[in-house]
file entry-v6.cif (mmCIF, C-alpha atoms)
data_start
loop_
_atom_site.label_atom_id
_atom_site.label_comp_id
_atom_site.auth_asym_id
_atom_site.auth_seq_id
_atom_site.Cartn_x
_atom_site.Cartn_y
_atom_site.Cartn_z
CA MET H 1 -4.47 141.20 235.11
CA LEU H 2 -5.76 137.74 236.03
CA VAL H 3 -3.25 134.95 235.45
CA CYS H 4 -3.47 131.22 236.11
CA LEU H 5 -0.09 129.51 236.22
CA LEU H 6 0.24 125.73 236.22
CA ARG H 7 2.99 123.96 238.17
CA ALA H 8 3.92 127.07 240.08
CA SER H 9 5.49 125.77 243.29
CA ARG H 10 9.15 125.78 242.21
CA GLY H 11 11.59 126.63 239.45
CA ILE H 12 10.38 128.70 236.50
CA GLY H 13 6.79 128.67 237.74
CA LEU H 14 7.69 130.06 241.15
CA GLU H 15 9.85 132.79 239.60
CA LEU H 16 7.01 133.80 237.26
CA VAL H 17 4.66 134.05 240.23
CA LYS H 18 7.17 136.26 242.07
CA GLN H 19 7.45 138.60 239.09
CA LEU H 20 3.68 138.79 238.58
CA LEU H 21 3.09 139.59 242.25
CA GLU H 22 5.29 142.70 241.99
CA SER H 23 2.29 144.57 240.55
CA PRO H 24 -0.67 145.37 242.82
CA ASN H 25 -2.92 145.07 239.75
CA ASN H 26 -2.21 141.37 239.25
CA LEU H 27 -4.22 138.48 240.63
CA VAL H 28 -2.38 135.18 240.30
CA ILE H 29 -3.93 131.74 240.61
CA ALA H 30 -1.03 129.35 241.16
CA ALA H 31 -1.77 125.68 240.60
CA CYS H 32 0.42 123.01 242.14
CA ARG H 33 0.25 119.33 242.99
CA THR H 34 0.18 119.75 246.77
CA PRO H 35 -0.66 123.33 247.87
CA GLU H 36 -0.07 122.68 251.57
CA LYS H 37 3.51 121.56 250.81
CA ALA H 38 4.29 124.53 248.53
CA VAL H 39 6.12 126.41 251.28
CA ALA H 40 7.94 128.93 249.06
CA LEU H 41 4.78 129.68 247.11
CA ASN H 42 2.62 130.15 250.20
CA ALA H 43 5.29 132.37 251.78
CA LEU H 44 4.81 134.88 248.95
CA LYS H 45 1.30 135.73 250.16
CA SER H 46 2.53 137.89 253.03
CA SER H 47 4.84 140.10 250.97
CA ALA H 48 3.00 140.20 247.65
CA LYS H 49 1.79 143.47 246.16
CA GLY H 50 -0.67 141.53 244.00
CA SER H 51 -3.12 138.85 245.10
CA LEU H 52 -2.21 135.17 245.21
CA HIS H 53 -4.53 132.17 245.34
CA VAL H 54 -3.04 128.67 245.48
CA ILE H 55 -5.12 125.77 244.17
CA ARG H 56 -4.53 122.04 243.75
CA LEU H 57 -3.95 120.63 240.30
CA GLU H 58 -2.41 117.27 239.53
CA VAL H 59 -2.38 117.09 235.73
CA THR H 60 -2.25 113.27 235.74
CA ASP H 61 -5.41 113.02 237.88
CA PHE H 62 -8.58 113.51 235.83
CA ASP H 63 -10.71 114.40 238.89
CA SER H 64 -8.19 117.06 239.90
CA VAL H 65 -8.28 118.58 236.40
CA ARG H 66 -12.09 118.57 236.38
CA ALA H 67 -12.20 120.38 239.75
CA VAL H 68 -10.16 123.38 238.56
CA PRO H 69 -13.00 125.37 236.89
CA GLN H 70 -15.07 125.17 240.08
CA ALA H 71 -12.06 126.21 242.16
CA ILE H 72 -11.22 129.29 240.09
CA ALA H 73 -14.72 130.50 239.18
CA PRO H 74 -15.30 132.32 242.51
CA ILE H 75 -11.87 133.94 242.25
CA LEU H 76 -12.41 135.18 238.70
CA GLY H 77 -15.97 136.37 239.11
CA GLU H 78 -17.34 137.99 235.96
CA HIS H 79 -13.96 139.20 234.70
CA GLY H 80 -12.57 135.96 233.33
CA LEU H 81 -8.99 134.88 232.88
CA ASP H 82 -6.50 137.05 230.98
CA TYR H 83 -3.66 134.53 230.69
CA LEU H 84 -3.11 130.82 231.24
CA ILE H 85 0.55 129.85 231.53
CA ASN H 86 1.05 126.11 231.13
CA ASN H 87 4.37 125.64 232.86
CA ALA H 88 3.96 121.87 233.28
CA GLY H 89 6.71 119.92 231.57
CA ILE H 90 9.03 122.87 230.91
#
call {"tool": "encode", "arguments": {"input": "entry-v6.cif", "output": "structure tokens"}}
result
Amino acid sequence: MLVCLLRASRGIGLELVKQLLESPNNLVIAACRTPEKAVALNALKSSAKGSLHVIRLEVTDFDSVRAVPQAIAPILGEHGLDYLINNAGI
């Protein structure tokens, strides 16, 4: 299952990522404001059963939003996205 989760670096978003990574069949694209500062999120990569890709997305920055399709296209390949979880503002 291919899932893109917005605002995934802490709180509900981070917990959802943890749960999704319990399955080796899941590929998670976690979007956060500052990927290099998302310490807890990046730490999941080493112990995850599934695959995790962390990308930058600042929803208040139009250029950042426009860059997302180009960032995730190589990850998705021909399969496409199964789920988009918009966690921003929850």
call {"tool": "resolve_selection", "arguments": {"input": "entry-v6.cif", "expression": "the PyMOL selection byres ((chain H and resi 22-24) around 12)", "output": "ChimeraX atom specification"}}
result
/H:1-2,15-21,25-28,44-45,47-52
call {"tool": "atom_distance", "arguments": {"input": "entry-v6.cif", "atom1": "CA of Leu5 in chain H", "atom2": "CA of Leu84 in chain H"}}
result
6.0 Å
call {"tool": "resolve_selection", "arguments": {"input": "entry-v6.cif", "expression": "the PyMOL selection byres ((chain H and resi 86) around 10)", "output": "VMD selection string"}}
result
chain H and resid 4 to 8 13 31 83 to 85 87 to 90
call {"tool": "atom_distance", "arguments": {"input": "entry-v6.cif", "atom1": "CA of Leu57 in chain H", "atom2": "CA of Ala30 in chain H"}}
result
9.2 Å
call {"tool": "closest_atom_pairs", "arguments": {"input": "entry-v6.cif", "of": "range 51-84 of chain H", "to": "range 33-43 of chain H", "cutoff": "10 Å", "atoms": "all atoms listed in the file", "output": "Markdown table"}}
result
| residue | atom | partner | partner_atom | distance |
| --- | --- | --- | --- | --- |
| H:Leu52 | CA | H:Asn42 | CA | 8.6 |
| H:His53 | CA | H:Asn42 | CA | 8.9 |
| H:Val54 | CA | H:Pro35 | CA | 6.3 |
| H:Ile55 | CA | H:Pro35 | CA | 6.3 |
| H:Arg56 | CA | H:Arg33 | CA | 5.5 |
| H:Leu57 | CA | H:Arg33 | CA | 5.2 |
| H:Glu58 | CA | H:Arg33 | CA | 4.8 |
| H:Val59 | CA | H:Arg33 | CA | 8.0 |
| H:Thr60 | CA | H:Arg33 | CA | 9.8 |
| H:Asp61 | CA | H:Arg33 | CA | 9.9 |
| H:Ser64 | CA | H:Arg33 | CA | 9.3 |
call {"tool": "write_last_selection", "arguments": {"input": "entry-v6.cif", "atoms": "C-alpha atoms", "output": "PDB file, keeping the file's coordinate frame"}}
result
ATOM      1  CA  LEU H  52      -2.210 135.170 245.210  1.00  0.00           C
ATOM      2  CA  HIS H  53      -4.530 132.170 245.340  1.00  0.00           C
ATOM      3  CA  VAL H  54      -3.040 128.670 245.480  1.00  0.00           C
ATOM      4  CA  ILE H  55      -5.120 125.770 244.170  1.00  0.00           C
ATOM      5  CA  ARG H  56      -4.530 122.040 243.750  1.00  0.00           C
ATOM      6  CA  LEU H  57      -3.950 120.630 240.300  1.00  0.00           C
ATOM      7  CA  GLU H  58      -2.410 117.270 239.530  1.00  0.00           C
ATOM      8  CA  VAL H  59      -2.380 117.090 235.730  1.00  0.00           C
ATOM      9  CA  THR H  60      -2.250 113.270 235.740  1.00  0.00           C
ATOM     10  CA  ASP H  61      -5.410 113.020 237.880  1.00  0.00           C
ATOM     11  CA  SER H  64      -8.190 117.060 239.900  1.00  0.00           C
TER      12      SER H  64
END
call {"tool": "atom_distance", "arguments": {"input": "entry-v6.cif", "atom1": "CA of Val68 in chain H", "atom2": "CA of Ser46 in chain H"}}
result
24.1 Å
call {"tool": "axis_aligned_box", "arguments": {"input": "entry-v6.cif", "around": "range 17-30 of chain H", "padding_each_side": "3 Å", "output": "AutoDock Vina command-line options"}}
result
--center_x 1.6 --center_y 137.4 --center_z 240.7 --size_x 17.7 --size_y 22.0 --size_z 10.2
